[in-house]
file query_25.json (JSON, C-alpha atoms)
[["chain", "number", "residue", "atom", "x", "y", "z"],
["J", 1, "MET", "CA", 88.55, -8.08, -32.26],
["J", 2, "ALA", "CA", 85.76, -10.64, -32.62],
["J", 3, "ILE", "CA", 84.24, -8.50, -35.38],
["J", 4, "ASN", "CA", 86.09, -5.81, -37.32],
["J", 5, "LEU", "CA", 84.84, -3.91, -40.37],
["J", 6, "GLU", "CA", 86.97, -1.29, -42.12],
["J", 7, "ASP", "CA", 85.44, 1.14, -44.63],
["J", 8, "VAL", "CA", 82.86, -1.39, -45.83],
["J", 9, "TRP", "CA", 80.67, -0.49, -48.81],
["J", 10, "VAL", "CA", 77.93, -2.73, -50.23],
["J", 11, "GLY", "CA", 76.35, -1.97, -53.59],
["J", 12, "TYR", "CA", 73.13, -3.23, -55.14],
["J", 13, "GLY", "CA", 71.58, -2.56, -58.51],
["J", 14, "ARG", "CA", 72.94, 0.16, -60.70],
["J", 15, "ARG", "CA", 76.56, 1.19, -60.44],
["J", 16, "GLY", "CA", 77.22, 3.79, -57.78],
["J", 17, "SER", "CA", 74.16, 2.82, -55.69],
["J", 18, "TYR", "CA", 75.21, 1.65, -52.22],
["J", 19, "THR", "CA", 73.22, 0.11, -49.37],
["J", 20, "LEU", "CA", 76.12, 0.46, -46.92],
["J", 21, "ARG", "CA", 78.61, 3.28, -47.15],
["J", 22, "GLY", "CA", 81.96, 3.45, -45.40],
["J", 23, "ILE", "CA", 81.07, 1.38, -42.33],
["J", 24, "ASP", "CA", 83.72, 1.05, -39.60],
["J", 25, "LEU", "CA", 82.82, -1.28, -36.75],
["J", 26, "SER", "CA", 84.62, -3.21, -34.00],
["J", 27, "VAL", "CA", 83.31, -5.57, -31.32],
["J", 28, "PRO", "CA", 85.74, -7.16, -28.83],
["J", 29, "PRO", "CA", 85.53, -10.83, -27.82],
["J", 30, "GLY", "CA", 82.73, -11.26, -25.30],
["J", 31, "GLY", "CA", 81.35, -7.82, -26.13],
["J", 32, "SER", "CA", 77.82, -6.85, -27.06],
["J", 33, "LEU", "CA", 76.52, -4.42, -29.65],
["J", 34, "THR", "CA", 73.11, -3.14, -30.68],
["J", 35, "ILE", "CA", 72.46, -1.95, -34.23],
["J", 36, "ILE", "CA", 69.47, 0.41, -34.35],
["J", 37, "GLY", "CA", 67.80, 2.34, -37.11],
["J", 38, "PRO", "CA", 64.57, 2.65, -39.11],
["J", 39, "SER", "CA", 63.50, 0.20, -41.81],
["J", 40, "GLY", "CA", 65.72, 0.48, -44.88],
["J", 41, "SER", "CA", 68.66, 1.98, -42.97],
["J", 42, "GLY", "CA", 70.96, -0.98, -43.73],
["J", 43, "LYS", "CA", 70.78, -2.89, -40.42],
["J", 44, "THR", "CA", 70.04, -6.33, -41.88],
["J", 45, "THR", "CA", 72.47, -5.76, -44.75],
["J", 46, "LEU", "CA", 75.20, -5.06, -42.20],
["J", 47, "LEU", "CA", 74.35, -8.28, -40.36],
["J", 48, "ARG", "CA", 74.53, -10.25, -43.63],
["J", 49, "VAL", "CA", 77.99, -8.83, -44.27],
["J", 50, "ILE", "CA", 79.15, -10.02, -40.84],
["J", 51, "LEU", "CA", 77.64, -13.45, -41.58],
["J", 52, "GLY", "CA", 79.50, -13.61, -44.88],
["J", 53, "PHE", "CA", 76.28, -13.84, -46.90],
["J", 54, "LEU", "CA", 77.11, -10.57, -48.67],
["J", 55, "LYS", "CA", 80.51, -9.66, -50.04],
["J", 56, "PRO", "CA", 81.40, -5.98, -49.71],
["J", 57, "SER", "CA", 81.96, -3.94, -52.85],
["J", 58, "ARG", "CA", 85.02, -2.64, -51.05],
["J", 59, "GLY", "CA", 86.48, -2.63, -47.56],
["J", 60, "LYS", "CA", 87.64, -5.39, -45.19],
["J", 61, "VAL", "CA", 85.71, -7.73, -42.91],
["J", 62, "LYS", "CA", 87.56, -9.69, -40.23],
["J", 63, "ILE", "CA", 85.89, -12.25, -37.99],
["J", 64, "LEU", "CA", 87.78, -13.63, -34.99],
["J", 65, "GLY", "CA", 90.99, -12.16, -36.39],
["J", 66, "GLN", "CA", 90.67, -13.71, -39.84],
["J", 67, "GLU", "CA", 89.62, -12.03, -43.05],
["J", 68, "LEU", "CA", 86.18, -13.23, -44.12],
["J", 69, "ASP", "CA", 86.81, -14.40, -47.67],
["J", 70, "GLU", "CA", 86.09, -17.42, -49.86],
["J", 71, "VAL", "CA", 88.96, -19.35, -48.29],
["J", 72, "ASN", "CA", 87.89, -18.83, -44.67],
["J", 73, "PHE", "CA", 84.13, -18.52, -45.11],
["J", 74, "ARG", "CA", 83.10, -22.11, -44.32],
["J", 75, "ALA", "CA", 85.27, -22.43, -41.21],
["J", 76, "LEU", "CA", 84.30, -19.01, -39.85],
["J", 77, "ARG", "CA", 80.61, -19.46, -40.62],
["J", 78, "THR", "CA", 80.38, -22.43, -38.25],
["J", 79, "ARG", "CA", 81.60, -20.14, -35.44],
["J", 80, "ILE", "CA", 78.79, -17.63, -35.96],
["J", 81, "GLY", "CA", 75.31, -18.36, -34.63],
["J", 82, "TYR", "CA", 72.36, -16.59, -36.24],
["J", 83, "ILE", "CA", 68.79, -15.99, -35.10],
["J", 84, "PRO", "CA", 66.83, -14.58, -38.07],
["J", 85, "GLN", "CA", 63.80, -12.35, -37.67],
["J", 86, "GLN", "CA", 61.44, -15.17, -38.69],
["J", 87, "LEU", "CA", 63.41, -17.61, -36.48],
["J", 88, "GLY", "CA", 63.75, -20.30, -39.19],
["J", 89, "LEU", "CA", 62.19, -23.08, -37.12],
["J", 90, "VAL", "CA", 60.60, -26.19, -38.64],
["J", 91, "ASN", "CA", 57.05, -26.18, -37.29],
["J", 92, "ASN", "CA", 56.37, -29.91, -37.67],
["J", 93, "LEU", "CA", 59.53, -30.96, -35.85],
["J", 94, "THR", "CA", 59.79, -31.23, -32.09],
["J", 95, "VAL", "CA", 61.56, -28.74, -29.87],
["J", 96, "LEU", "CA", 64.47, -31.18, -29.48],
["J", 97, "GLU", "CA", 64.70, -31.85, -33.22],
["J", 98, "ASN", "CA", 64.81, -28.13, -33.96],
["J", 99, "ALA", "CA", 67.55, -27.60, -31.38],
["J", 100, "LEU", "CA", 69.57, -30.44, -32.91],
["J", 101, "LEU", "CA", 69.66, -28.57, -36.22],
["J", 102, "GLY", "CA", 72.33, -26.41, -34.60],
["J", 103, "SER", "CA", 74.72, -29.38, -34.74],
["J", 104, "LEU", "CA", 74.48, -29.99, -38.51],
["J", 105, "SER", "CA", 77.99, -28.67, -39.17],
["J", 106, "ARG", "CA", 79.35, -31.48, -36.98],
["J", 107, "VAL", "CA", 77.03, -34.30, -38.06],
["J", 108, "SER", "CA", 77.27, -36.31, -41.27],
["J", 109, "THR", "CA", 74.56, -35.85, -43.88],
["J", 110, "TRP", "CA", 73.21, -39.39, -43.58],
["J", 111, "ARG", "CA", 72.87, -39.10, -39.81],
["J", 112, "SER", "CA", 71.01, -35.81, -40.06],
["J", 113, "LEU", "CA", 68.65, -37.14, -42.76],
["J", 114, "LEU", "CA", 67.84, -40.22, -40.67],
["J", 115, "GLY", "CA", 67.62, -38.24, -37.43],
["J", 116, "ALA", "CA", 70.37, -40.48, -36.03],
["J", 117, "PHE", "CA", 72.23, -37.82, -34.09],
["J", 118, "PRO", "CA", 75.12, -38.91, -31.84],
["J", 119, "GLN", "CA", 74.29, -39.02, -28.15],
["J", 120, "ARG", "CA", 76.75, -36.23, -27.40],
["J", 121, "GLU", "CA", 74.78, -33.93, -29.71],
["J", 122, "ILE", "CA", 71.49, -34.94, -28.11],
["J", 123, "ASP", "CA", 72.97, -34.21, -24.69],
["J", 124, "GLN", "CA", 74.17, -30.80, -25.91],
["J", 125, "ALA", "CA", 70.71, -30.00, -27.28],
["J", 126, "LEU", "CA", 69.02, -31.06, -24.04],
["J", 127, "SER", "CA", 71.46, -28.94, -22.04],
["J", 128, "SER", "CA", 70.77, -25.90, -24.24],
["J", 129, "LEU", "CA", 67.02, -26.38, -23.95],
["J", 130, "GLU", "CA", 67.34, -26.60, -20.18],
["J", 131, "CYS", "CA", 69.36, -23.36, -20.28],
["J", 132, "VAL", "CA", 66.47, -21.55, -21.99],
["J", 133, "GLY", "CA", 63.80, -23.08, -19.76],
["J", 134, "LEU", "CA", 62.31, -25.63, -22.18],
["J", 135, "ALA", "CA", 63.50, -28.88, -20.60],
["J", 136, "GLU", "CA", 59.90, -29.96, -20.01],
["J", 137, "LYS", "CA", 58.80, -29.34, -23.61],
["J", 138, "VAL", "CA", 61.40, -31.17, -25.68],
["J", 139, "ALA", "CA", 58.78, -33.47, -27.24],
["J", 140, "ARG", "CA", 56.36, -30.69, -28.21],
["J", 141, "ARG", "CA", 55.94, -29.71, -31.85],
["J", 142, "VAL", "CA", 57.02, -26.15, -32.53],
["J", 143, "TYR", "CA", 53.57, -25.19, -33.86],
["J", 144, "GLU", "CA", 52.19, -25.92, -30.37],
["J", 145, "LEU", "CA", 54.41, -23.30, -28.71],
["J", 146, "SER", "CA", 53.83, -19.68, -27.79],
["J", 147, "GLY", "CA", 55.80, -16.88, -29.46],
["J", 148, "GLY", "CA", 58.16, -16.56, -26.49],
["J", 149, "GLU", "CA", 58.79, -20.29, -26.41],
["J", 150, "ARG", "CA", 59.64, -20.27, -30.11],
["J", 151, "GLN", "CA", 62.19, -17.54, -29.47],
["J", 152, "ARG", "CA", 63.75, -19.78, -26.83],
["J", 153, "VAL", "CA", 63.96, -22.71, -29.23],
["J", 154, "ALA", "CA", 65.78, -20.51, -31.75],
["J", 155, "ILE", "CA", 68.24, -19.42, -29.06],
["J", 156, "ALA", "CA", 68.78, -23.03, -27.96],
["J", 157, "ARG", "CA", 69.46, -24.08, -31.57],
["J", 158, "ALA", "CA", 72.08, -21.32, -31.83],
["J", 159, "LEU", "CA", 73.66, -22.41, -28.52],
["J", 160, "VAL", "CA", 73.91, -26.02, -29.75],
["J", 161, "GLN", "CA", 76.11, -24.69, -32.53],
["J", 162, "THR", "CA", 78.50, -23.48, -29.75],
["J", 163, "PRO", "CA", 79.33, -20.27, -31.65],
["J", 164, "ASP", "CA", 81.88, -17.66, -30.64],
["J", 165, "ILE", "CA", 79.59, -14.95, -32.03],
["J", 166, "LEU", "CA", 75.79, -14.82, -31.87],
["J", 167, "LEU", "CA", 73.84, -12.49, -34.18],
["J", 168, "ALA", "CA", 70.12, -11.75, -33.78],
["J", 169, "ASP", "CA", 68.00, -9.87, -36.33],
["J", 170, "GLU", "CA", 64.82, -8.22, -34.98],
["J", 171, "PHE", "CA", 64.01, -11.50, -33.25],
["J", 172, "LEU", "CA", 62.05, -9.81, -30.43],
["J", 173, "SER", "CA", 59.77, -7.77, -32.67],
["J", 174, "ASP", "CA", 56.71, -10.05, -32.28],
["J", 175, "LEU", "CA", 56.90, -10.37, -28.49],
["J", 176, "ASP", "CA", 55.12, -8.36, -25.85],
["J", 177, "TYR", "CA", 57.21, -6.27, -23.45],
["J", 178, "VAL", "CA", 57.32, -8.85, -20.64],
["J", 179, "ARG", "CA", 58.41, -11.71, -22.93],
["J", 180, "ALA", "CA", 60.97, -9.48, -24.65],
["J", 181, "GLN", "CA", 62.47, -8.60, -21.28],
["J", 182, "GLU", "CA", 62.76, -12.28, -20.37],
["J", 183, "ILE", "CA", 64.61, -13.03, -23.61],
["J", 184, "LEU", "CA", 66.91, -10.01, -23.16],
["J", 185, "GLN", "CA", 67.89, -11.23, -19.70],
["J", 186, "MET", "CA", 68.63, -14.63, -21.20],
["J", 187, "MET", "CA", 70.85, -13.03, -23.83],
["J", 188, "LYS", "CA", 72.74, -11.14, -21.14],
["J", 189, "SER", "CA", 73.29, -14.43, -19.31],
["J", 190, "ILE", "CA", 74.66, -15.99, -22.51],
["J", 191, "GLN", "CA", 77.06, -13.09, -22.96],
["J", 192, "ARG", "CA", 78.40, -13.56, -19.44],
["J", 193, "GLN", "CA", 79.55, -17.00, -20.58],
["J", 194, "GLY", "CA", 81.93, -15.30, -23.02],
["J", 195, "GLN", "CA", 80.03, -15.11, -26.29],
["J", 196, "THR", "CA", 80.07, -12.01, -28.48],
["J", 197, "LEU", "CA", 76.52, -10.79, -29.13],
["J", 198, "VAL", "CA", 75.14, -8.46, -31.80],
["J", 199, "MET", "CA", 71.45, -7.58, -31.94],
["J", 200, "VAL", "CA", 69.61, -5.65, -34.66],
["J", 201, "THR", "CA", 66.46, -3.76, -33.65],
["J", 202, "HIS", "CA", 64.37, -0.74, -34.48],
["J", 203, "ASP", "CA", 62.96, -0.65, -30.92],
["J", 204, "LEU", "CA", 64.47, 2.24, -28.96],
["J", 205, "ILE", "CA", 63.46, 0.86, -25.56],
["J", 206, "LEU", "CA", 65.05, -2.55, -26.19],
["J", 207, "ALA", "CA", 68.17, -0.96, -27.64],
["J", 208, "SER", "CA", 68.61, 1.29, -24.60],
["J", 209, "GLN", "CA", 68.43, -1.70, -22.25],
["J", 210, "TRP", "CA", 70.90, -4.04, -23.92],
["J", 211, "GLY", "CA", 74.43, -4.00, -25.25],
["J", 212, "GLU", "CA", 77.60, -2.24, -24.18],
["J", 213, "ARG", "CA", 77.60, -0.08, -27.31],
["J", 214, "ALA", "CA", 75.03, 0.89, -29.91],
["J", 215, "ILE", "CA", 75.45, 2.09, -33.45],
["J", 216, "VAL", "CA", 72.77, 4.14, -35.17],
["J", 217, "MET", "CA", 72.16, 3.54, -38.90],
["J", 218, "LYS", "CA", 70.57, 5.92, -41.40],
["J", 219, "ASP", "CA", 70.48, 5.52, -45.20],
["J", 220, "GLY", "CA", 73.35, 3.03, -45.16],
["J", 221, "LEU", "CA", 75.58, 5.17, -42.97],
["J", 222, "LYS", "CA", 76.70, 4.71, -39.39],
["J", 223, "VAL", "CA", 75.66, 8.12, -38.09],
["J", 224, "ALA", "CA", 76.57, 7.56, -34.43],
["J", 225, "GLU", "CA", 78.14, 5.14, -31.97],
["J", 226, "VAL", "CA", 76.99, 5.65, -28.40],
["J", 227, "SER", "CA", 76.45, 3.94, -25.08],
["J", 228, "PRO", "CA", 72.92, 2.53, -24.60],
["J", 229, "ASP", "CA", 72.01, 5.17, -22.01],
["J", 230, "GLU", "CA", 72.61, 7.84, -24.65],
["J", 231, "LEU", "CA", 69.86, 6.40, -26.80],
["J", 232, "ASN", "CA", 66.76, 8.51, -26.36],
["J", 233, "ALA", "CA", 64.04, 9.96, -28.56],
["J", 234, "SER", "CA", 65.55, 13.44, -28.53],
["J", 235, "ASN", "CA", 68.98, 12.29, -29.69],
["J", 236, "LEU", "CA", 67.52, 10.07, -32.41],
["J", 237, "ARG", "CA", 65.35, 12.89, -33.73],
["J", 238, "GLU", "CA", 68.47, 14.98, -34.19],
["J", 239, "LEU", "CA", 70.32, 12.13, -35.92],
["J", 240, "PHE", "CA", 67.44, 11.28, -38.24],
["J", 241, "ALA", "CA", 66.51, 14.87, -39.06]]

call {"tool": "encode", "arguments": {"input": "query_25.json", "output": "structure tokens"}}
result
Amino acid sequence: MAINLEDVWVGYGRRGSYTLRGIDLSVPPGGSLTIIGPSGSGKTTLLRVILGFLKPSRGKVKILGQELDEVNFRALRTRIGYIPQQLGLVNNLTVLENALLGSLSRVSTWRSLLGAFPQREIDQALSSLECVGLAEKVARRVYELSGGERQRVAIARALVQTPDILLADEFLSDLDYVRAQEILQMMKSIQRQGQTLVMVTHDLILASQWGERAIVMKDGLKVAEVSPDELNASNLRELFA
């Protein structure tokens, strides 16, 4: 499995208080998964566990067949792309410069500080920007872009990293329906190239249109795992009752 969680618990604060409780989860290589649930249900916490940013109180996390621990964290982390909810772009940098940030794990510190990226990395960034439809805007500053264009820069930056797994956390929440649909189609195209995709959302419509499987979170529990076409308001009302 590309991602495999077995009986994962995550605790915060006082002893016996858990944000995630007994989570089992598997995603095959090249698969896609949607994580849906209301605010505070544990969606982002689950994503941070997969990223290795949070260590479970108990349970096992395996990424690409290897246990995600202190020994393997650095190597595995470079194989996981991440698009945070706030995108994490640098507004004063150009589109190309932001995309190049995806190559930092392969570029020496002095090169990155001086902006002296190898030509192969520049070519990779340009290719990724062309893939997301921003080839004509590589010299624009990010603050000059629309919301949809910023989403595309964040995707291009993740693609430059050449990850095996791509995680996205509520990254469509600020877009209108038309722009969100465009980005979803782009994500589907990326998956067809063999990447494993996981998207977190609270939007029922988006969740029902994307992913091969969906898990529903409530109060730190995985309360259901269904196909996207089984996601509807009636079913969710029953699960969240």

call {"tool": "residues_around", "arguments": {"input": "query_25.json", "residues": "range 35-44 of chain J", "least_positions_apart": "5", "cutoff": "7 Å", "atoms": "all atoms listed in the file", "output": "ChimeraX atom specification"}}
result
/J:19-20,169,199-202,207,214-220

call {"tool": "closest_residue", "arguments": {"input": "query_25.json", "among": "J:Ala125, J:Val226, J:Trp9, J:Asn91", "to": "Glu144 in chain J", "atoms": "only C-alpha atoms"}}
result
J:Asn91

call {"tool": "residues_around", "arguments": {"input": "query_25.json", "residues": "Ala135 in chain J", "least_positions_apart": "2", "cutoff": "12 Å", "atoms": "all atoms listed in the file", "output": "mmCIF file with C-alpha atoms, in the frame of the given file"}}
result
data_model
loop_
_atom_site.group_PDB
_atom_site.id
_atom_site.type_symbol
_atom_site.label_atom_id
_atom_site.label_comp_id
_atom_site.auth_asym_id
_atom_site.auth_seq_id
_atom_site.Cartn_x
_atom_site.Cartn_y
_atom_site.Cartn_z
ATOM 1 C CA VAL J 95 61.560 -28.740 -29.870
ATOM 2 C CA LEU J 96 64.470 -31.180 -29.480
ATOM 3 C CA ALA J 99 67.550 -27.600 -31.380
ATOM 4 C CA ASP J 123 72.970 -34.210 -24.690
ATOM 5 C CA ALA J 125 70.710 -30.000 -27.280
ATOM 6 C CA LEU J 126 69.020 -31.060 -24.040
ATOM 7 C CA SER J 127 71.460 -28.940 -22.040
ATOM 8 C CA SER J 128 70.770 -25.900 -24.240
ATOM 9 C CA LEU J 129 67.020 -26.380 -23.950
ATOM 10 C CA GLU J 130 67.340 -26.600 -20.180
ATOM 11 C CA CYS J 131 69.360 -23.360 -20.280
ATOM 12 C CA VAL J 132 66.470 -21.550 -21.990
ATOM 13 C CA GLY J 133 63.800 -23.080 -19.760
ATOM 14 C CA LYS J 137 58.800 -29.340 -23.610
ATOM 15 C CA VAL J 138 61.400 -31.170 -25.680
ATOM 16 C CA ALA J 139 58.780 -33.470 -27.240
ATOM 17 C CA ARG J 140 56.360 -30.690 -28.210
ATOM 18 C CA GLU J 149 58.790 -20.290 -26.410
ATOM 19 C CA ARG J 152 63.750 -19.780 -26.830
ATOM 20 C CA VAL J 153 63.960 -22.710 -29.230
ATOM 21 C CA ALA J 156 68.780 -23.030 -27.960
#

call {"tool": "closest_atom_pairs", "arguments": {"input": "query_25.json", "of": "range 115-198 of chain J", "to": "range 27-30 of chain J", "cutoff": "8 Å", "atoms": "all atoms listed in the file", "output": "CSV"}}
result
residue,atom,partner,partner_atom,distance
J:Gln191,CA,J:Gly30,CA,6.4
J:Arg192,CA,J:Gly30,CA,7.6
J:Gly194,CA,J:Gly30,CA,4.7
J:Gln195,CA,J:Gly30,CA,4.8
J:Thr196,CA,J:Gly30,CA,4.2
J:Leu197,CA,J:Gly30,CA,7.3

call {"tool": "atom_distance", "arguments": {"input": "query_25.json", "atom1": "CA of Leu25 in chain J", "atom2": "CA of Gln85 in chain J"}}
result
22.0 Å

call {"tool": "atom_distance", "arguments": {"input": "query_25.json", "atom1": "CA of Ser146 in chain J", "atom2": "CA of Leu33 in chain J"}}
result
27.4 Å

call {"tool": "residues_around", "arguments": {"input": "query_25.json", "residues": "Gln66 in chain J", "least_positions_apart": "6", "cutoff": "10 Å", "atoms": "only C-alpha atoms", "output": "ChimeraX atom specification"}}
result
/J:1-4,72-73,76

call {"tool": "residues_around", "arguments": {"input": "query_25.json", "residues": "Glu212 in chain J", "least_positions_apart": "6", "cutoff": "9 Å", "atoms": "only C-alpha atoms", "output": "MDAnalysis selection string"}}
result
chainID J and resid 31:34 226:228

call {"tool": "atom_distance", "arguments": {"input": "query_25.json", "atom1": "CA of Glu121 in chain J", "atom2": "CA of Gln151 in chain J"}}
result
20.7 Å

call {"tool": "axis_aligned_box", "arguments": {"input": "query_25.json", "around": "range 198-212 of chain J", "padding_each_side": "5 Å", "output": "lines of an AutoDock Vina configuration file"}}
result
center_x = 70.3
center_y = -3.1
center_z = -28.5
size_x = 24.6
size_y = 20.7
size_z = 22.4

call {"tool": "closest_residue", "arguments": {"input": "query_25.json", "among": "J:Leu206, J:Thr162, J:Arg79, J:Asp7", "to": "Leu100 in chain J", "atoms": "only C-alpha atoms"}}
result
J:Thr162

call {"tool": "closest_residue", "arguments": {"input": "query_25.json", "among": "J:Ala158, J:Leu236, J:Leu87, J:Met187", "to": "Leu204 in chain J", "atoms": "all atoms listed in the file"}}
result
J:Leu236

call {"tool": "closest_residue", "arguments": {"input": "query_25.json", "among": "J:Leu231, J:Ile23, J:Val107, J:Ile63", "to": "Leu51 in chain J", "atoms": "all atoms listed in the file"}}
result
J:Ile63
